[in-house]
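Pasting model-v7.txt here (compact mmCIF, C-alpha atoms):
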```txt
# COMPACT_ATOMS: atom_id res chain seq x y z
CA MET K 1 17.90 19.75 32.17
CA VAL K 2 16.39 19.00 28.78
CA LYS K 3 18.20 16.37 26.78
CA GLU K 4 18.81 17.35 23.18
CA PHE K 5 18.32 14.89 20.34
CA SER K 6 19.68 14.97 16.85
CA TYR K 7 18.81 13.36 13.55
CA ALA K 8 22.46 12.34 13.48
CA ARG K 9 21.52 9.61 15.99
CA PRO K 10 18.18 8.26 14.72
CA LYS K 11 18.29 5.09 16.80
CA GLU K 12 18.63 7.11 20.00
CA ALA K 13 15.65 9.24 19.02
CA CYS K 14 13.57 6.13 18.31
CA GLU K 15 14.51 4.61 21.66
CA GLU K 16 13.50 7.79 23.44
CA ALA K 17 10.19 7.83 21.57
CA HIS K 18 9.51 4.26 22.70
CA ARG K 19 10.31 5.21 26.30
CA ILE K 20 8.04 8.26 26.19
CA TYR K 21 5.24 6.28 24.57
CA ASP K 22 5.44 3.43 27.08
CA GLU K 23 5.53 5.75 30.09
CA ARG K 24 2.96 8.35 29.11
CA TYR K 25 0.69 7.25 26.33
CA ARG K 26 0.48 3.53 25.70
CA ALA K 27 -2.49 2.73 27.94
CA GLU K 28 -4.62 5.65 26.84
CA PHE K 29 -3.74 5.65 23.17
CA GLU K 30 -4.13 1.93 22.62
CA ALA K 31 -7.64 2.20 23.99
CA LYS K 32 -8.55 5.17 21.79
CA TYR K 33 -6.31 5.51 18.74
CA MET K 34 -5.22 2.04 17.70
CA GLY K 35 -3.45 2.08 14.33
CA THR K 36 -3.04 5.86 14.11
CA VAL K 37 0.38 7.11 13.07
CA ILE K 38 1.47 9.82 15.50
CA ALA K 39 4.62 11.93 15.77
CA VAL K 40 6.55 12.00 19.02
CA TYR K 41 8.52 15.17 19.64
CA VAL K 42 11.35 13.62 21.61
CA ARG K 43 12.60 16.87 23.19
CA THR K 44 9.40 17.46 25.16
CA GLY K 45 7.54 14.18 24.85
CA ASN K 46 4.57 15.90 23.24
CA VAL K 47 2.77 14.02 20.52
CA PHE K 48 1.07 15.22 17.36
CA PHE K 49 -1.79 13.60 15.51
CA PRO K 50 -2.63 13.72 11.81
CA ALA K 51 -4.89 16.61 10.90
CA GLU K 52 -7.25 16.33 7.94
CA GLU K 53 -5.01 14.99 5.14
CA LYS K 54 -1.74 16.02 6.79
CA GLU K 55 0.46 13.35 8.35
CA ALA K 56 1.38 13.71 12.01
CA LEU K 57 5.05 14.29 11.19
CA LEU K 58 4.10 17.31 9.08
CA VAL K 59 1.80 18.65 11.78
CA GLY K 60 4.62 18.33 14.29
CA ASN K 61 7.17 20.00 12.06
CA GLU K 62 4.87 22.95 11.52
CA ALA K 63 4.32 23.34 15.25
CA GLU K 64 7.96 22.86 16.24
CA PRO K 65 10.19 23.72 13.26
CA GLY K 66 13.58 22.12 13.51
CA GLY K 67 12.46 19.62 16.12
CA VAL K 68 13.36 15.95 16.08
CA PHE K 69 10.31 13.77 15.52
CA VAL K 70 9.74 10.06 15.49
CA GLY K 71 6.82 8.57 13.60
CA PHE K 72 5.02 5.96 15.65
CA ARG K 73 2.02 3.73 14.93
CA VAL K 74 -0.16 3.24 17.98
CA GLY K 75 -0.33 -0.42 18.95
CA ALA K 76 2.34 -1.60 16.49
CA PRO K 77 6.05 -2.27 16.89
CA ALA K 78 6.86 -0.06 13.90
CA VAL K 79 5.18 2.62 11.85
CA HIS K 80 5.01 0.47 8.74
CA ALA K 81 5.47 -3.16 7.89
CA GLN K 82 7.50 -3.52 4.75
CA TYR K 83 7.30 -6.79 2.92
CA TRP K 84 9.69 -5.98 0.10
CA GLN K 85 13.21 -7.24 0.68
CA PRO K 86 16.38 -6.00 -0.98
CA GLY K 87 17.29 -8.18 -3.93
CA ASN K 88 13.78 -8.28 -5.36
CA VAL K 89 12.73 -11.25 -3.26
CA TYR K 90 9.09 -10.79 -2.49
CA LEU K 91 8.26 -12.70 0.65
CA GLY K 92 4.57 -11.90 0.74
CA ARG K 93 2.47 -11.54 3.81
CA MET D 94 -0.30 5.74 -19.88
CA LEU D 95 -3.57 7.44 -20.57
CA ASN D 96 -4.85 10.47 -18.75
CA THR D 97 -8.43 11.53 -19.32
CA GLY D 98 -7.42 15.20 -19.19
CA SER D 99 -9.43 16.39 -16.23
CA PRO D 100 -7.32 16.96 -13.11
CA GLU D 101 -9.86 14.99 -11.10
CA MET D 102 -10.29 12.17 -13.62
CA PHE D 103 -7.40 9.92 -14.52
CA THR D 104 -6.58 6.47 -15.75
CA TRP D 105 -3.01 5.27 -15.57
CA ALA D 106 -1.84 2.00 -17.01
CA GLY D 107 1.16 0.28 -15.53
CA ARG D 108 2.94 -2.85 -16.62
CA TYR D 109 4.55 -5.90 -15.11
CA CYS D 110 8.30 -6.11 -14.65
CA GLU D 111 9.61 -8.71 -17.09
CA ASN D 112 12.02 -10.19 -14.56
CA THR D 113 9.99 -10.23 -11.39
CA GLY D 114 6.37 -9.91 -12.48
CA THR D 115 5.82 -7.04 -10.08
CA PRO D 116 3.45 -4.23 -11.11
CA ILE D 117 5.24 -1.08 -12.18
CA LEU D 118 4.05 2.47 -12.75
CA ARG D 119 6.23 5.20 -14.24
CA VAL D 120 6.00 8.30 -12.05
CA THR D 121 7.92 11.51 -11.41
CA VAL D 122 9.20 12.03 -7.88
CA SER D 123 10.27 15.42 -6.61
CA GLY D 124 11.19 17.46 -3.58
CA ASN D 125 12.13 21.10 -3.13
CA ALA D 126 14.65 21.00 -5.97
CA LEU D 127 12.09 20.71 -8.76
CA GLU D 128 14.78 20.92 -11.41
CA HIS D 129 16.11 17.63 -10.06
CA ALA D 130 12.81 15.75 -10.26
CA ILE D 131 13.30 12.32 -11.74
CA GLU D 132 11.16 9.82 -13.57
CA VAL D 133 11.27 6.33 -12.10
CA ASP D 134 9.61 2.97 -12.62
CA ALA D 135 8.02 2.49 -9.22
CA ILE D 136 6.72 -0.80 -7.90
CA ILE D 137 3.14 -0.79 -6.69
CA ASP D 138 3.46 -2.63 -3.39
CA THR D 139 0.20 -3.10 -1.51
CA GLY D 140 2.19 -4.83 1.23
CA PHE D 141 3.92 -1.56 2.05
CA ALA D 142 1.72 0.61 4.25
CA GLY D 143 3.58 3.87 3.62
CA PHE D 144 3.39 6.49 0.87
CA VAL D 145 6.68 6.11 -1.00
CA LEU D 146 9.90 4.29 -0.19
CA MET D 147 13.05 5.07 -2.11
CA PRO D 148 16.80 4.66 -1.66
CA ILE D 149 18.23 7.58 0.26
CA MET D 150 21.03 8.13 -2.24
CA GLN D 151 18.46 8.53 -5.01
CA ALA D 152 16.28 10.78 -2.87
CA LEU D 153 18.90 13.25 -1.62
CA PRO D 154 19.32 15.14 -4.93
CA LEU D 155 15.56 15.78 -4.98
CA GLY D 156 15.87 18.10 -1.98
CA LEU D 157 13.29 16.48 0.26
CA THR D 158 12.50 18.24 3.54
CA LEU D 159 13.53 16.06 6.46
CA VAL D 160 10.51 15.58 8.74
CA GLY D 161 11.50 12.79 11.08
CA VAL D 162 12.60 9.24 11.60
CA ALA D 163 10.47 6.16 11.86
CA GLU D 164 10.98 2.48 12.46
CA PHE D 165 9.99 -0.13 9.91
CA THR D 166 9.49 -3.83 10.28
CA LEU D 167 11.20 -5.66 7.47
CA ALA D 168 10.09 -8.90 5.88
CA ASP D 169 12.57 -10.87 7.95
CA GLY D 170 11.24 -9.40 11.20
CA ARG D 171 14.06 -6.96 11.82
CA THR D 172 13.25 -3.36 12.66
CA ALA D 173 15.16 -0.53 11.01
CA ALA D 174 15.11 3.22 11.65
CA ASN D 175 14.88 5.27 8.48
CA TYR D 176 14.77 8.98 7.79
CA THR D 177 11.56 10.36 6.33
CA GLY D 178 11.11 13.37 4.08
CA LEU D 179 8.34 15.32 2.42
CA GLY D 180 8.12 14.72 -1.31
CA SER D 181 5.71 14.54 -4.21
CA VAL D 182 4.70 11.96 -6.77
CA SER D 183 3.20 13.10 -10.03
CA ILE D 184 1.86 11.42 -13.11
CA GLU D 185 0.78 13.46 -16.10
CA GLY D 186 -0.13 16.55 -14.12
CA GLU D 187 -1.74 14.78 -11.19
CA SER D 188 0.37 15.20 -8.07
CA ARG D 189 0.23 14.03 -4.48
CA SER D 190 2.54 14.97 -1.61
CA GLY D 191 3.38 12.73 1.30
CA ILE D 192 6.02 11.21 3.51
CA PHE D 193 8.85 9.42 1.72
CA VAL D 194 10.71 6.71 3.58
CA LEU D 195 14.39 7.01 2.77
CA GLU D 196 15.85 3.53 2.72
CA SER D 197 19.49 3.50 3.72
CA ASN D 198 20.18 -0.12 2.88
CA PRO D 199 22.51 0.10 -0.13
CA GLU D 200 21.09 -3.15 -1.49
CA CYS D 201 17.67 -1.55 -1.88
CA GLY D 202 17.40 -0.03 -5.33
CA ASN D 203 13.65 0.07 -5.77
CA VAL D 204 11.11 2.83 -5.46
CA LEU D 205 7.89 1.57 -3.88
CA LEU D 206 4.44 3.12 -4.06
CA GLY D 207 2.59 1.95 -0.99
CA MET D 208 -0.94 1.85 0.28
CA ALA D 209 -0.84 5.41 1.67
CA PHE D 210 -0.20 6.64 -1.88
CA LEU D 211 -3.10 4.62 -3.29
CA ARG D 212 -5.40 5.78 -0.51
CA ARG D 213 -4.41 9.40 -1.09
CA LEU D 214 -5.43 9.03 -4.73
CA ASP D 215 -8.80 7.64 -3.70
CA ALA D 216 -8.63 5.52 -6.82
CA SER D 217 -9.33 1.97 -7.84
CA LEU D 218 -6.54 -0.49 -8.61
CA THR D 219 -7.29 -3.12 -11.23
CA VAL D 220 -5.04 -6.08 -11.90
CA ASP D 221 -5.46 -8.23 -15.00
CA LYS D 222 -3.38 -10.22 -17.45
CA ALA D 223 -2.36 -7.16 -19.46
CA GLY D 224 -1.16 -5.08 -16.55
CA VAL D 225 -2.35 -2.85 -13.79
CA THR D 226 -4.61 0.18 -13.99
CA ILE D 227 -5.15 2.94 -11.47
CA ALA D 228 -8.25 4.98 -12.16
CA SER D 229 -10.05 7.73 -10.33
CA GLN D 230 -13.39 6.67 -8.92
CA GLU D 231 -15.29 8.79 -11.45
CA ALA D 232 -13.29 7.64 -14.49
```
This structure in structure tokens:
Amino acid sequence: MVKEFSYARPKEACEEAHRIYDERYRAEFEAKYMGTVIAVYVRTGNVFFPAEEKEALLVGNEAEPGGVFVGFRVGAPAVHAQYWQPGNVYLGR
Amino acid sequence: MLNTGSPEMFTWAGRYCENTGTPILRVTVSGNALEHAIEVDAIIDTGFAGFVLMPIMQALPLGLTLVGVAEFTLADGRTAANYTGLGSVSIEGESRSGIFVLESNPECGNVLLGMAFLRRLDASLTVDKAGVTIASQEA
């Protein structure tokens, strides 16, 4: 039975993407694609890579319209590090 | 702001925010609902790796296409899941499309232009006492 995911529960989708990545891709991808932002299609576990100037999330959405995707940076805990904090307090690097 | 006229050649001058000293560039952001495109003073944030970050409540009227969710590491080390949508940034006829991060924290009121935006422009960023300038490589 295929588990369905929804954008209504983004945290659940992110957790599933982490699980899929750890189980299937981490070892291979971190040897080959460090730093690349990929899109994990959480319904099937397939991943999409950026193509030419198109981000992986867009590539995934074109291949599987209506699917739930999680952006994921290979080798990093999150897709982007954001140094700007609410309240205009710039903490720097 | 000055645009050299050619779609491939541009020079945009930004300014510093009087209160915070952060570099600011006035841009137009849009989604599918072009009639709802808005002009904003966006902060050029080279510490943000993404394309554009903006508050979700400001982004919704633009009609961005939802393309996924992604986790972001905040300055205090926390990780937050945010929706992402496809949108465009334009300045005087020059436009680039990319993934917008839709910040759901109600305390976040800023629009950020990140490194992915600057890289997409393939332009040079100059910082001096007067302000900031983004110019195409040929300009």
Looking at D:Thr177, D:Thr115, D:Gln151, D:Thr226, which one is nearest to Ile136 (chain D), with distances taken over only C-alpha atoms? D:Thr115
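Take CA of Gly107 (chain D) and CA of Glu200 (chain D): the distance between them is 24.6 Å.
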Pick out the residues sitting within 12 Å of His18 (chain K), and hand them over as number ranges by chain; count only C-alpha atoms, and ignore anything fewer than 3 positions along from it in its own chain. K: 11-15, 21-26, 39-42, 45, 69-79; D: 163-164
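Counting only C-alpha atoms, Ala135 (chain D) has the following residues at most 12 Å away, ignoring those fewer than 5 positions along the same chain: Gly107, Arg108, Tyr109, Cys110, Thr115, Pro116, Ile117, Leu118, Arg119, Val120, Thr121, Val122, Phe144, Val145, Leu146, Met147, Pro148, Val182, Ser183, Ile184, Gly202, Asn203, Val204, Leu205, Leu206, Gly207 and Phe210 of chain D.
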Using all atoms listed in the file, find each residue in chain D having at least one atom no more than 9 Å away from chain K; report its shortest atom-to-atom pair and that distance in Å (one decimal), rows by chain then rising number, as a Markdown table.
```
| residue | atom | partner | partner_atom | distance |
| --- | --- | --- | --- | --- |
| D:Thr113 | CA | K:Asn88 | CA | 7.4 |
| D:Asp138 | CA | K:Trp84 | CA | 7.9 |
| D:Gly140 | CA | K:Tyr83 | CA | 5.7 |
| D:Phe141 | CA | K:Gln82 | CA | 4.9 |
| D:Ala142 | CA | K:His80 | CA | 5.6 |
| D:Gly143 | CA | K:His80 | CA | 6.3 |
| D:Val160 | CA | K:Leu57 | CA | 6.1 |
| D:Gly161 | CA | K:Phe69 | CA | 4.7 |
| D:Val162 | CA | K:Val70 | CA | 4.9 |
| D:Ala163 | CA | K:Gly71 | CA | 4.7 |
| D:Glu164 | CA | K:Ala78 | CA | 5.0 |
| D:Phe165 | CA | K:Ala78 | CA | 5.1 |
| D:Thr166 | CA | K:Ala81 | CA | 4.7 |
| D:Leu167 | CA | K:Gln82 | CA | 5.1 |
| D:Ala168 | CA | K:Tyr83 | CA | 4.6 |
| D:Asp169 | CA | K:Gln85 | CA | 8.2 |
| D:Thr172 | CA | K:Ala78 | CA | 7.3 |
| D:Ala173 | CA | K:Lys11 | CA | 8.7 |
| D:Ala174 | CA | K:Lys11 | CA | 6.3 |
| D:Asn175 | CA | K:Pro10 | CA | 7.7 |
| D:Tyr176 | CA | K:Pro10 | CA | 7.8 |
| D:Thr177 | CA | K:Gly71 | CA | 8.9 |
| D:Leu179 | CA | K:Leu58 | CA | 8.1 |
| D:Gly191 | CA | K:Glu55 | CA | 7.7 |
| D:Ile192 | CA | K:Glu55 | CA | 7.7 |
| D:Asn198 | CA | K:Pro86 | CA | 8.0 |
| D:Pro199 | CA | K:Pro86 | CA | 8.7 |
| D:Glu200 | CA | K:Pro86 | CA | 5.5 |
| D:Cys201 | CA | K:Pro86 | CA | 4.7 |
| D:Gly202 | CA | K:Pro86 | CA | 7.5 |
| D:Asn203 | CA | K:Pro86 | CA | 8.2 |
| D:Leu205 | CA | K:Trp84 | CA | 8.7 |
| D:Arg213 | CA | K:Glu53 | CA | 8.4 |
```
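The gap separating CA of Gln230 (chain D) from CA of Pro50 (chain K) is 24.4 Å, in Å to one decimal.
The space separating CA of Asn125 (chain D) from CA of Gly180 (chain D) comes to 7.8 Å.
The closest residue to Leu153 (chain D), picked from D:Ser123, D:Thr139, D:Ser217, D:Ser190 and counting all atoms listed in the file, is D:Ser123.
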